[in-house]
2 protein chains.
Amino acid sequence: MSGAGTLPGAVGGAGVPRVTSADVARESGVSRTTVSYVLNDTSGTVISEETRRRVREAADRLGYAPSAAARTLRSGRSDLVLCVVPDWPVGPVMEALLDHLTRELAARDLSVLVHHSRGQRPLADLWRAVTPRAVVGFTAFPDADEVGMRRAGIQVVATVLDEEPRRPGAFAVGQLQVGRLQAQHLVGAGHRVIGYASTTDPRLAEFADPRLAGVREECRRLGLPDPRVHAVELTAESGRAAVRALRAGLEPASAIAAYNDEVALAVLAGARAEGLRVPDDVAVIGVDDVTAARLAAPPLTTVSQSAAVQARFLSDSVTAALDGRPPPAHPDDVLRLVVRESA
Amino acid sequence: MSGAGTLPGAVGGAGVPRVTSADVARESGVSRTTVSYVLNDTSGTVISEETRRRVREAADRLGYAPSAAARTLRSGRSDLVLCVVPDWPVGPVMEALLDHLTRELAARDLSVLVHHSRGQRPLADLWRAVTPRAVVGFTAFPDADEVGMRRAGIQVVATVLDEEPRRPGAFAVGQLQVGRLQAQHLVGAGHRVIGYASTTDPRLAEFADPRLAGVREECRRLGLPDPRVHAVELTAESGRAAVRALRAGLEPASAIAAYNDEVALAVLAGARAEGLRVPDDVAVIGVDDVTAARLAAPPLTTVSQSAAVQARFLSDSVTAALDGRPPPAHPDDVLRLVVRESA
DNA sequence: CTGAAAGCGCTTACAG
DNA sequence: CTGAAAGCGCTTACAG
C-alpha cells in the first residue's frame with residue numbers, strides 16, 4: 001500500500017544503487033582485487049580458504065552480480081551470442097534450434113541475443129555495438145558484414161543453403177536433397193508424372209526453390225517428364241485447384257510432392273473435395289513431419305528434418321567456433337523418409 | 001587465399017581494434033565531447049552545421065558504432081529488454097509475440113534478449129548482470145525477483161494467467177474464458193454431456209488447468225453434468241482411446257472439447273478410426289486455429305486467440321511501462337469462436 | 001598473500 | 001561554440 005495509487009516502478013527512477021565489487025570488498029574487509037580473484041577463481045593466486053569464504057558469503061549476502069557492461073568494456077568482448085533470425089515463418093524447427101543453442105550456451109555463461117532481421121537497423125550497428133562472441137545467421141550474411149565481423153574477432157556461423165561443396169563451418173541442411181527424396185519415393189512407388197505443389201509465400205523462396213530443383217533434377221535423372229508446378233495457398237479451395245490443374249491435360253500427374261506438410265494438407269483437403277482417393281487416385285508427400293501429418297486423413301507420408309539432430313549440429317558448430325576448434329562434420333541423419341499412407 | 005589453410009577467424013584473436021569516438025574526434029578535428037554532442041543530437045548545444053557534417057562524415061567513413069557496454073556502464077542502464085520465455089512448447093503465438101515486440105522495440109533502439117527459463121542460471125544473476133530496461137515474463141516471476149527488479153528501476157511486465165481482478169500492467173489472456181467459450185458453443189448446439197480431451201504434457205498444465213476449469217464452470221452454471229476428462233497423446237490411437245472412454249458408460253459424451261487443435265486433430269483421427277461421423281456422432285472443438293484446423297476432415301471448429309491482437313497488446317504494455325505511462329486497456333477481441341464443421 | 005592504480009569507451013557537468 | 005576531466009564497475013599487471 002505505498003501511497004497515492006502510484007504504480008510501483010512507474011516512475012522510472014534510478015532505483016536502488018547497484019551492488020558493486022567495492023561493496024563486497026568493504027563488507028568482507030579485503031580489496032576489490034581480492035574479491036575479483038576469489039569470485040573468478042583466478043589461477044596463480046594464493047588466497048586463504050578463510051578469506052575466500054568471507055568474500056563469497058559477503059557476495060551472497062549482498063546479492064552481488066558483476067556488471068556485464070563493465071566486464072565487456074574491460075575485455076572488449078561481451079558474453080552474448082547474436083542470432084540473426086530471418087524474416088520468414090520458420091516454425092518449430094527454428095524454435096528447437098534456438099532453444100537448444102540457448103541451453104547449450106548457458107552452460108558456458110553465454111546468453112543468446114535474438115535479432116529479427118526484418119528490423120530496419122543495419123546489422124553492422126548491432127554487432128559493432130554489442131561485440132558478441134559469435135554471430136549465428138540462418139541465411140548468408142552480406143560479404144561486408146562477414147568480413148567486418150571476422151576482422152573484429154567475432155566468430156561467424158552462417159547457414160548457407162545448398163552450397164556445394166559445403167564450406168566448413170557453414171550450418172546447412174541440403175534442401176535439394178529434400179526434393180530428391182520426395183521424388184525418389186514417388187517414382188519408387190511407380191509414379192511417372194509428378195506434380196509439385198509449391199508455396200505462395202515469397203519469403204520461403206530460399207527453401208522452396210532448391211526443394212523444387214531437387215525434384216526436377218531427380219525426374220530428369222530418371223528420364224521422366226519435368227514436374228508441373230502449381231502454387232498453393234493454405235486453404236482447401238486452393239488445394240483443390242492445384243489438384244485439378246496438376247491432374248489435367250495429356251500427362252496428368254498421379255502423385256504430388258508438396259513444399260511442406262501444410263501445403264500437403266491443403267492438397268489432401270483438395271483431393272477430398274474432388275472426391276479423389278489418396279493414394280490410389282493421387283499420391284501426396286510432404287516435408288517436415290509436423291504433428292498434424294500423422295493425424296491427417298490419410299496419414300501423410302513425408303520427409304522429416306530432425307530438429308534434434310540439427311539443433312545439436314548447430315550448437316556444436318557454434319561452440320567449436322568459440323573454442324577455435326575445427327567445425328564438426330555434417331550429420332548424415334538429418335533427413336528421413338517417413339512412409340505412412342498418403343504415398 | 002590467406003595462407004596455410006587457416007580458417008578465417010578460427011584463431012580467436014583480438015582482431016582489429018575497435019573504432020572509438022576518439023578516432024572520430026581525431027579524424028574530424030574536434031574533441032570527443034563534440035562528437036558525442038553531434039552524434040546524440042544533444043539538445044542545448046550549439047554546434048555549426050559545418051562541424052556536424054564533418055563529424056558525421058568521419059563517423060560514417062570510419063564505420064563508427066558506439067560501444068553499448070560503455071554506454072551501459074555510464075548510464076547504469078542497457079538498451080536491452082529481457083524476455084523470459086518459458087519451458088513449454090508455445091508455438092506460433094509466442095513466435096508472433098516476440099517478433100512483433102522485437103520490431104516495435106527496434107524503433108526505439110532497444111534490443112530483445114531472449115532467455116529460456118529452463119536454463120539453470122538463476123534469473124537474478126541475469127537481470128543484475130544485464131540491467132535491462134525492462135523484463136517481460138510469460139509466467140509470473142518469483143516475488144523476490146519481481147521486488148528486486150522494481151527496486152533496481154527495471155520495468156516488469158509479467159503475464160499472470162487468470163488473475164482476477166487483473167493487475168494493471170499484467171499481460172494475460174484469460175484461459176478460463178477459452179474453456180467457457182468452448183462449452184458455450186457445444187451446449188448451444190444442443191449437447192448436454194461434454195467430454196474433455198486434455199494434454200499429457202505436464203509443462204502445459206498452466207494453460208490446460210484453467211481451460212478445463214472454464215469448461216467445468218460453464219457446465220455447472222448451466223446445470224449440466226461435470227465433464228469427464230481423458231488425457232490424449234498426439235496419435236490417432238490415443239485419440240481413439242479417448243473417444244471410446246468419453247463415449248462409454250451411462251452418460252456418454254456427445255461432444256468433446258479439446259485442450260488445443262492438435263489434441264482435437266488426434267480426437268478427429270480417433271473418431272475416424274472408430275467409424276464415427278463428426279459432428280453427428282460426436283462433435284469436436286479445439287483451440288488456436290492452427291493452419292491444419294481448417295484443412296482437417298472435417299474442418300475443425302475452434303477458439304482462436306488472435307496472435308496479432310495479443311502481440312500489439314504486449315508491445316503496448318512494454319512501451320507504456322518504459323515511458324511511465326499507465327498500462328493499456330486489455331483488448332476484448334482476443335478470443336474468437338471460429339465455427340466450421342466439426343461442432 | 002594483498003592493495004593502489006590504470007584503463008576499457010562513453011557522456012556530461014564544468015570551465016574556458 | 002569547444003575541450004579537459006571525472007567517473008560508471010571491472011580486471012590485471014605491478015608493487016609491496
# chains A, B, ... in the order shown; residues from 1 in each chain; ligands from 1
call {"tool": "residues_around", "arguments": {"residues": "Arg211 in chain A", "least_positions_apart": "3", "cutoff": "10 Å", "atoms": "only C-alpha atoms (C1' of nucleotides)", "output": "PDB file with C-alpha atoms, in the first residue's frame"}}
result
ATOM      1  CA  GLY A 174      20.553 -29.590 -48.127  1.00  0.00           C
ATOM      2  CA  GLN A 175      17.154 -28.564 -49.371  1.00  0.00           C
ATOM      3  CA  LEU A 176      17.945 -30.029 -52.769  1.00  0.00           C
ATOM      4  CA  GLN A 177      18.179 -33.388 -51.093  1.00  0.00           C
ATOM      5  CA  VAL A 178      14.727 -32.923 -49.593  1.00  0.00           C
ATOM      6  CA  GLY A 179      13.259 -32.670 -53.073  1.00  0.00           C
ATOM      7  CA  ARG A 180      15.288 -35.597 -54.330  1.00  0.00           C
ATOM      8  CA  LEU A 181      13.994 -37.785 -51.526  1.00  0.00           C
ATOM      9  CA  GLN A 182      10.400 -36.871 -52.287  1.00  0.00           C
ATOM     10  CA  TYR A 196       4.703 -30.061 -57.493  1.00  0.00           C
ATOM     11  CA  SER A 198       4.680 -25.039 -54.175  1.00  0.00           C
ATOM     12  CA  ALA A 205      11.581 -18.978 -51.833  1.00  0.00           C
ATOM     13  CA  GLU A 206      15.006 -19.634 -50.404  1.00  0.00           C
ATOM     14  CA  PHE A 207      13.754 -23.044 -49.302  1.00  0.00           C
ATOM     15  CA  ALA A 208      11.145 -23.667 -51.914  1.00  0.00           C
ATOM     16  CA  GLY A 214      15.733 -31.395 -56.276  1.00  0.00           C
ATOM     17  CA  VAL A 215      12.504 -32.881 -57.569  1.00  0.00           C
ATOM     18  CA  ARG A 216      13.286 -31.630 -61.085  1.00  0.00           C
ATOM     19  CA  GLU A 217      16.790 -32.980 -61.020  1.00  0.00           C
ATOM     20  CA  ALA A 257       5.101 -33.550 -53.973  1.00  0.00           C
ATOM     21  CA  ALA A 258       4.317 -30.600 -51.713  1.00  0.00           C
ATOM     22  CA  TYR A 259       6.605 -27.853 -50.490  1.00  0.00           C
ATOM     23  CA  ASN A 260       5.823 -28.822 -46.911  1.00  0.00           C
ATOM     24  CA  VAL A 287       8.047 -32.225 -45.772  1.00  0.00           C
TER      25      VAL A 287
END
call {"tool": "interface_residues", "arguments": {"of": "chain C", "to": "chain A", "cutoff": "12 Å", "atoms": "only C-alpha atoms (C1' of nucleotides)", "output": "ChimeraX atom specification"}}
result
/C:1-10
call {"tool": "interface_residues", "arguments": {"of": "chain B", "to": "chain A", "cutoff": "7 Å", "atoms": "only C-alpha atoms", "output": "VMD selection string"}}
result
chain B and resid 9 to 16 65 to 70 72 to 73 91 to 92 99 102 to 103 106 112 to 114 116 119 125 128 to 130 150 to 153 155 235 to 236 262 265 to 266 269 292 295 to 297 321 324
call {"tool": "atom_distance", "arguments": {"atom1": "CA of Ala144 in chain A", "atom2": "CA of Ala58 in chain B"}}
result
18.8 Å
call {"tool": "select_by_dssp", "arguments": {"residues": "range 126-338 of chain A", "states": "strand (DSSP E)", "output": "ChimeraX atom specification"}}
result
/A:134-137,155-158,194-199,228-232,255-258,283-287,301-305,335-338
call {"tool": "write_last_selection", "arguments": {"atoms": "C-alpha atoms", "output": "PDB file, in the first residue's frame"}}
result
ATOM      1  CA  ALA A 134      29.788 -15.077 -32.075  1.00  0.00           C
ATOM      2  CA  VAL A 135      27.114 -14.295 -34.601  1.00  0.00           C
ATOM      3  CA  VAL A 136      24.861 -17.058 -35.854  1.00  0.00           C
ATOM      4  CA  GLY A 137      22.983 -16.495 -39.066  1.00  0.00           C
ATOM      5  CA  GLN A 155      33.098 -15.868 -34.794  1.00  0.00           C
ATOM      6  CA  VAL A 156      30.643 -16.221 -37.637  1.00  0.00           C
ATOM      7  CA  VAL A 157      28.483 -19.279 -38.093  1.00  0.00           C
ATOM      8  CA  ALA A 158      26.204 -18.915 -41.048  1.00  0.00           C
ATOM      9  CA  ILE A 194       4.870 -35.861 -60.761  1.00  0.00           C
ATOM     10  CA  GLY A 195       3.206 -32.604 -59.848  1.00  0.00           C
ATOM     11  CA  TYR A 196       4.703 -30.061 -57.493  1.00  0.00           C
ATOM     12  CA  ALA A 197       2.575 -28.042 -55.071  1.00  0.00           C
ATOM     13  CA  SER A 198       4.680 -25.039 -54.175  1.00  0.00           C
ATOM     14  CA  THR A 199       4.146 -22.252 -51.666  1.00  0.00           C
ATOM     15  CA  ARG A 228       4.405 -29.410 -63.458  1.00  0.00           C
ATOM     16  CA  VAL A 229       4.188 -26.764 -60.727  1.00  0.00           C
ATOM     17  CA  HIS A 230       1.201 -25.130 -59.060  1.00  0.00           C
ATOM     18  CA  ALA A 231       1.374 -22.662 -56.157  1.00  0.00           C
ATOM     19  CA  VAL A 232      -0.971 -23.471 -53.292  1.00  0.00           C
ATOM     20  CA  ALA A 255       1.486 -38.012 -57.494  1.00  0.00           C
ATOM     21  CA  ILE A 256       2.050 -34.633 -55.900  1.00  0.00           C
ATOM     22  CA  ALA A 257       5.101 -33.550 -53.973  1.00  0.00           C
ATOM     23  CA  ALA A 258       4.317 -30.600 -51.713  1.00  0.00           C
ATOM     24  CA  ALA A 283      -0.449 -39.774 -54.021  1.00  0.00           C
ATOM     25  CA  VAL A 284       0.767 -36.944 -51.790  1.00  0.00           C
ATOM     26  CA  ILE A 285       4.045 -36.399 -49.974  1.00  0.00           C
ATOM     27  CA  GLY A 286       5.023 -33.524 -47.671  1.00  0.00           C
ATOM     28  CA  VAL A 287       8.047 -32.225 -45.772  1.00  0.00           C
ATOM     29  CA  THR A 301       3.914 -39.596 -45.948  1.00  0.00           C
ATOM     30  CA  THR A 302       6.613 -37.005 -45.523  1.00  0.00           C
ATOM     31  CA  VAL A 303      10.303 -36.161 -45.321  1.00  0.00           C
ATOM     32  CA  SER A 304      11.294 -35.307 -41.791  1.00  0.00           C
ATOM     33  CA  GLN A 305      14.132 -32.943 -40.936  1.00  0.00           C
ATOM     34  CA  LEU A 335      16.700 -36.231 -43.433  1.00  0.00           C
ATOM     35  CA  ARG A 336      14.450 -39.233 -43.055  1.00  0.00           C
ATOM     36  CA  LEU A 337      11.602 -40.524 -45.154  1.00  0.00           C
ATOM     37  CA  VAL A 338       8.510 -41.220 -43.068  1.00  0.00           C
TER      38      VAL A 338
END
call {"tool": "atom_distance", "arguments": {"atom1": "CA of Gln310 in chain A", "atom2": "CA of Cys219 in chain A"}}
result
27.8 Å
call {"tool": "select_by_dssp", "arguments": {"residues": "range 31-271 of chain B", "states": "alpha helix (DSSP H)", "output": "JSON list (two decimals) with C-alpha atoms, in the first residue's frame"}}
result
[["chain", "number", "residue", "atom", "x", "y", "z"],
["B", 32, "ARG", "CA", 35.24, 13.72, -28.11],
["B", 33, "THR", "CA", 32.71, 15.94, -26.39],
["B", 34, "THR", "CA", 31.69, 17.45, -29.69],
["B", 35, "VAL", "CA", 31.49, 14.05, -31.32],
["B", 36, "SER", "CA", 29.14, 12.88, -28.59],
["B", 37, "TYR", "CA", 27.01, 16.02, -28.85],
["B", 38, "VAL", "CA", 26.68, 15.72, -32.61],
["B", 39, "LEU", "CA", 26.03, 12.00, -32.79],
["B", 49, "GLU", "CA", 26.27, 22.79, -39.40],
["B", 50, "GLU", "CA", 29.71, 22.53, -40.91],
["B", 51, "THR", "CA", 31.14, 20.84, -37.81],
["B", 52, "ARG", "CA", 28.21, 18.48, -37.57],
["B", 53, "ARG", "CA", 28.69, 17.45, -41.17],
["B", 54, "ARG", "CA", 32.38, 16.82, -40.66],
["B", 55, "VAL", "CA", 31.74, 14.68, -37.59],
["B", 56, "ARG", "CA", 29.03, 12.62, -39.22],
["B", 57, "GLU", "CA", 31.09, 12.00, -42.31],
["B", 58, "ALA", "CA", 34.06, 10.91, -40.27],
["B", 59, "ALA", "CA", 31.86, 8.54, -38.26],
["B", 60, "ASP", "CA", 30.46, 7.04, -41.44],
["B", 61, "ARG", "CA", 33.84, 6.75, -43.08],
["B", 62, "LEU", "CA", 35.30, 5.00, -40.08],
["B", 68, "ALA", "CA", 26.92, -0.49, -25.97],
["B", 69, "ALA", "CA", 28.96, -1.64, -22.99],
["B", 70, "ALA", "CA", 30.45, 1.79, -22.34],
["B", 71, "ARG", "CA", 27.08, 3.46, -22.68],
["B", 72, "THR", "CA", 25.51, 1.00, -20.32],
["B", 73, "LEU", "CA", 28.27, 1.41, -17.79],
["B", 74, "ARG", "CA", 27.94, 5.15, -17.93],
["B", 75, "SER", "CA", 24.17, 5.32, -17.73],
["B", 92, "PRO", "CA", 3.30, -19.76, -33.32],
["B", 93, "VAL", "CA", 1.67, -17.38, -30.83],
["B", 94, "MET", "CA", 4.88, -16.91, -28.89],
["B", 95, "GLU", "CA", 6.75, -16.55, -32.15],
["B", 96, "ALA", "CA", 4.40, -13.76, -33.21],
["B", 97, "LEU", "CA", 4.66, -12.10, -29.81],
["B", 98, "LEU", "CA", 8.45, -11.96, -29.79],
["B", 99, "ASP", "CA", 8.54, -10.97, -33.39],
["B", 100, "HIS", "CA", 6.24, -8.05, -33.00],
["B", 101, "LEU", "CA", 7.88, -6.92, -29.78],
["B", 102, "THR", "CA", 11.31, -7.03, -31.34],
["B", 103, "ARG", "CA", 10.21, -4.90, -34.25],
["B", 104, "GLU", "CA", 8.40, -2.42, -32.07],
["B", 105, "LEU", "CA", 11.32, -2.00, -29.71],
["B", 106, "ALA", "CA", 13.84, -1.75, -32.52],
["B", 123, "LEU", "CA", 17.19, -15.31, -13.04],
["B", 124, "ALA", "CA", 18.58, -12.76, -10.59],
["B", 125, "ASP", "CA", 22.11, -13.20, -11.92],
["B", 126, "LEU", "CA", 20.88, -12.42, -15.37],
["B", 127, "TRP", "CA", 18.96, -9.25, -14.70],
["B", 128, "ARG", "CA", 21.58, -7.97, -12.30],
["B", 129, "ALA", "CA", 24.31, -8.56, -14.84],
["B", 130, "VAL", "CA", 22.44, -7.14, -17.79],
["B", 143, "ASP", "CA", 8.23, -12.37, -5.66],
["B", 144, "ALA", "CA", 11.85, -11.83, -4.64],
["B", 145, "ASP", "CA", 12.86, -11.32, -8.26],
["B", 146, "GLU", "CA", 9.98, -9.01, -9.01],
["B", 147, "VAL", "CA", 10.70, -6.84, -5.98],
["B", 148, "GLY", "CA", 14.40, -6.80, -6.73],
["B", 149, "MET", "CA", 13.88, -5.77, -10.33],
["B", 150, "ARG", "CA", 11.49, -2.97, -9.44],
["B", 151, "ARG", "CA", 13.91, -1.72, -6.80],
["B", 175, "GLN", "CA", -7.58, -19.11, -20.31],
["B", 176, "LEU", "CA", -10.71, -19.70, -18.26],
["B", 177, "GLN", "CA", -12.61, -17.80, -20.90],
["B", 178, "VAL", "CA", -11.25, -20.10, -23.57],
["B", 179, "GLY", "CA", -12.87, -23.06, -21.86],
["B", 180, "ARG", "CA", -16.10, -21.18, -21.29],
["B", 181, "LEU", "CA", -16.34, -20.34, -24.97],
["B", 182, "GLN", "CA", -15.83, -23.96, -25.97],
["B", 183, "ALA", "CA", -18.52, -25.16, -23.59],
["B", 184, "GLN", "CA", -20.97, -22.45, -24.59],
["B", 185, "HIS", "CA", -20.72, -23.35, -28.25],
["B", 186, "LEU", "CA", -21.16, -27.04, -27.61],
["B", 187, "VAL", "CA", -24.11, -26.55, -25.28],
["B", 188, "GLY", "CA", -25.61, -24.04, -27.68],
["B", 205, "ALA", "CA", -0.68, -27.54, -17.09],
["B", 206, "GLU", "CA", -0.60, -23.81, -16.52],
["B", 207, "PHE", "CA", -2.76, -23.41, -19.59],
["B", 208, "ALA", "CA", -4.61, -26.68, -19.52],
["B", 209, "ASP", "CA", -5.92, -26.39, -15.98],
["B", 210, "PRO", "CA", -7.74, -23.07, -16.36],
["B", 211, "ARG", "CA", -9.14, -24.08, -19.73],
["B", 212, "LEU", "CA", -10.66, -27.19, -18.25],
["B", 213, "ALA", "CA", -11.83, -25.15, -15.27],
["B", 214, "GLY", "CA", -13.63, -22.86, -17.69],
["B", 215, "VAL", "CA", -15.47, -25.79, -19.27],
["B", 216, "ARG", "CA", -16.37, -27.15, -15.83],
["B", 217, "GLU", "CA", -17.60, -23.81, -14.62],
["B", 218, "GLU", "CA", -19.82, -23.34, -17.65],
["B", 219, "CYS", "CA", -21.30, -26.84, -17.30],
["B", 220, "ARG", "CA", -22.04, -26.21, -13.64],
["B", 221, "ARG", "CA", -23.60, -22.87, -14.38],
["B", 236, "ALA", "CA", -4.60, -41.49, -33.66],
["B", 237, "GLU", "CA", -4.54, -44.46, -31.25],
["B", 238, "SER", "CA", -4.61, -42.23, -28.22],
["B", 239, "GLY", "CA", -7.38, -40.17, -29.79],
["B", 240, "ARG", "CA", -9.32, -43.32, -30.41],
["B", 241, "ALA", "CA", -8.93, -44.46, -26.81],
["B", 242, "ALA", "CA", -10.19, -41.09, -25.63],
["B", 243, "VAL", "CA", -13.21, -41.18, -27.90],
["B", 244, "ARG", "CA", -14.09, -44.64, -26.61],
["B", 245, "ALA", "CA", -13.61, -43.70, -22.98],
["B", 246, "LEU", "CA", -15.55, -40.47, -23.18],
["B", 247, "ARG", "CA", -18.45, -42.07, -25.03],
["B", 261, "ASP", "CA", -6.21, -28.01, -32.07],
["B", 262, "GLU", "CA", -3.55, -30.68, -32.12],
["B", 263, "VAL", "CA", -5.35, -32.68, -29.48],
["B", 264, "ALA", "CA", -8.57, -32.08, -31.40],
["B", 265, "LEU", "CA", -6.90, -33.43, -34.54],
["B", 266, "ALA", "CA", -5.95, -36.57, -32.61],
["B", 267, "VAL", "CA", -9.56, -36.90, -31.45],
["B", 268, "LEU", "CA", -10.75, -36.46, -35.03],
["B", 269, "ALA", "CA", -8.38, -39.19, -36.16],
["B", 270, "GLY", "CA", -9.64, -41.37, -33.31],
["B", 271, "ALA", "CA", -13.25, -40.81, -34.28]]
call {"tool": "decode", "arguments": {"residues": "chain D", "atoms": "N, CA and C atoms (P, O5', C5', C4', C3', O3' and C1' of nucleotides)", "output": "compact mmCIF listing (two decimals), in the first residue's frame"}}
result
# COMPACT_ATOMS: atom_id res chain seq x y z
P DC D 1 27.60 29.27 -33.52
O5' DC D 1 28.30 28.60 -32.29
C5' DC D 1 28.92 27.31 -32.49
C4' DC D 1 30.18 27.34 -31.67
C3' DC D 1 30.80 25.97 -31.42
O3' DC D 1 31.90 25.81 -32.28
C1' DC D 1 30.91 27.44 -29.52
P DT D 2 32.45 24.34 -32.55
O5' DT D 2 33.35 24.11 -31.24
C5' DT D 2 34.58 24.81 -31.14
C4' DT D 2 35.26 24.37 -29.87
C3' DT D 2 35.49 22.86 -29.78
O3' DT D 2 36.88 22.68 -29.64
C1' DT D 2 34.62 23.72 -27.76
P DG D 3 37.54 21.26 -29.71
O5' DG D 3 38.11 21.09 -28.24
C5' DG D 3 39.01 22.07 -27.75
C4' DG D 3 39.28 21.84 -26.28
C3' DG D 3 39.71 20.42 -25.94
O3' DG D 3 40.72 20.50 -24.96
C1' DG D 3 37.79 20.99 -24.68
P DA D 4 41.64 19.28 -24.63
O5' DA D 4 41.89 19.44 -23.07
C5' DA D 4 41.44 20.59 -22.39
C4' DA D 4 41.46 20.37 -20.89
C3' DA D 4 42.18 19.13 -20.40
O3' DA D 4 42.41 19.33 -19.01
C1' DA D 4 39.89 18.76 -20.23
P DA D 5 42.90 18.07 -18.08
O5' DA D 5 41.54 17.55 -17.46
C5' DA D 5 40.74 18.43 -16.66
C4' DA D 5 39.72 17.63 -15.87
C3' DA D 5 40.23 16.30 -15.32
O3' DA D 5 39.59 16.08 -14.07
C1' DA D 5 38.42 15.88 -16.72
P DA D 6 40.11 14.95 -13.07
O5' DA D 6 38.75 14.38 -12.47
C5' DA D 6 37.62 15.26 -12.34
C4' DA D 6 36.36 14.43 -12.39
C3' DA D 6 36.47 13.07 -11.70
O3' DA D 6 35.30 12.86 -10.94
C1' DA D 6 35.75 12.77 -13.92
P DG D 7 35.32 11.81 -9.74
O5' DG D 7 34.35 10.67 -10.27
C5' DG D 7 33.10 11.01 -10.82
C4' DG D 7 32.60 9.82 -11.61
C3' DG D 7 33.00 8.47 -10.99
O3' DG D 7 31.87 7.63 -10.96
C1' DG D 7 33.59 8.54 -13.25
P DC D 8 31.78 6.44 -9.91
O5' DC D 8 30.84 5.40 -10.67
C5' DC D 8 29.59 5.79 -11.23
C4' DC D 8 29.34 4.90 -12.43
C3' DC D 8 29.80 3.46 -12.22
O3' DC D 8 28.71 2.70 -11.72
C1' DC D 8 30.45 4.31 -14.39
P DG D 9 28.90 1.86 -10.35
O5' DG D 9 29.74 0.60 -10.84
C5' DG D 9 29.15 -0.31 -11.75
C4' DG D 9 30.19 -1.31 -12.17
C3' DG D 9 30.86 -2.05 -11.02
O3' DG D 9 30.77 -3.44 -11.28
C1' DG D 9 32.48 -1.18 -12.49
P DC D 10 31.40 -4.54 -10.40
O5' DC D 10 32.67 -4.93 -11.28
C5' DC D 10 32.46 -5.65 -12.49
C4' DC D 10 33.70 -5.59 -13.34
C3' DC D 10 34.88 -6.40 -12.82
O3' DC D 10 34.80 -7.71 -13.39
C1' DC D 10 35.54 -4.27 -13.71
P DT D 11 35.72 -8.85 -12.82
O5' DT D 11 37.13 -8.51 -13.48
C5' DT D 11 37.28 -8.68 -14.88
C4' DT D 11 38.67 -8.25 -15.28
C3' DT D 11 39.80 -9.15 -14.79
O3' DT D 11 40.66 -9.33 -15.90
C1' DT D 11 40.23 -6.92 -14.14
P DT D 12 41.66 -10.51 -15.95
O5' DT D 12 43.05 -9.75 -15.81
C5' DT D 12 43.29 -8.63 -16.65
C4' DT D 12 44.55 -7.94 -16.20
C3' DT D 12 45.60 -8.88 -15.59
O3' DT D 12 46.87 -8.38 -15.96
C1' DT D 12 45.08 -7.21 -14.06
P DA D 13 47.88 -9.32 -16.73
O5' DA D 13 49.21 -9.28 -15.84
C5' DA D 13 50.35 -8.76 -16.40
C4' DA D 13 50.46 -7.26 -16.24
C3' DA D 13 51.74 -6.84 -15.52
O3' DA D 13 52.31 -5.72 -16.15
C1' DA D 13 49.84 -6.08 -14.30
P DC D 14 53.89 -5.53 -15.84
O5' DC D 14 53.88 -4.90 -14.38
C5' DC D 14 53.36 -3.58 -14.19
C4' DC D 14 53.35 -3.26 -12.72
C3' DC D 14 54.64 -3.65 -11.97
O3' DC D 14 55.26 -2.49 -11.47
C1' DC D 14 52.70 -4.20 -10.73
P DA D 15 56.70 -2.65 -10.77
O5' DA D 15 56.39 -2.13 -9.29
C5' DA D 15 55.35 -1.18 -9.08
C4' DA D 15 54.94 -1.23 -7.63
C3' DA D 15 56.10 -1.44 -6.65
O3' DA D 15 55.92 -0.58 -5.54
C1' DA D 15 54.45 -3.09 -6.30
P DG D 16 57.13 -0.39 -4.50
O5' DG D 16 57.09 -1.65 -3.52
C5' DG D 16 56.95 -1.43 -2.16
C4' DG D 16 55.66 -2.04 -1.65
C3' DG D 16 55.81 -2.67 -0.27
O3' DG D 16 54.96 -1.97 0.61
C1' DG D 16 54.66 -4.10 -1.79
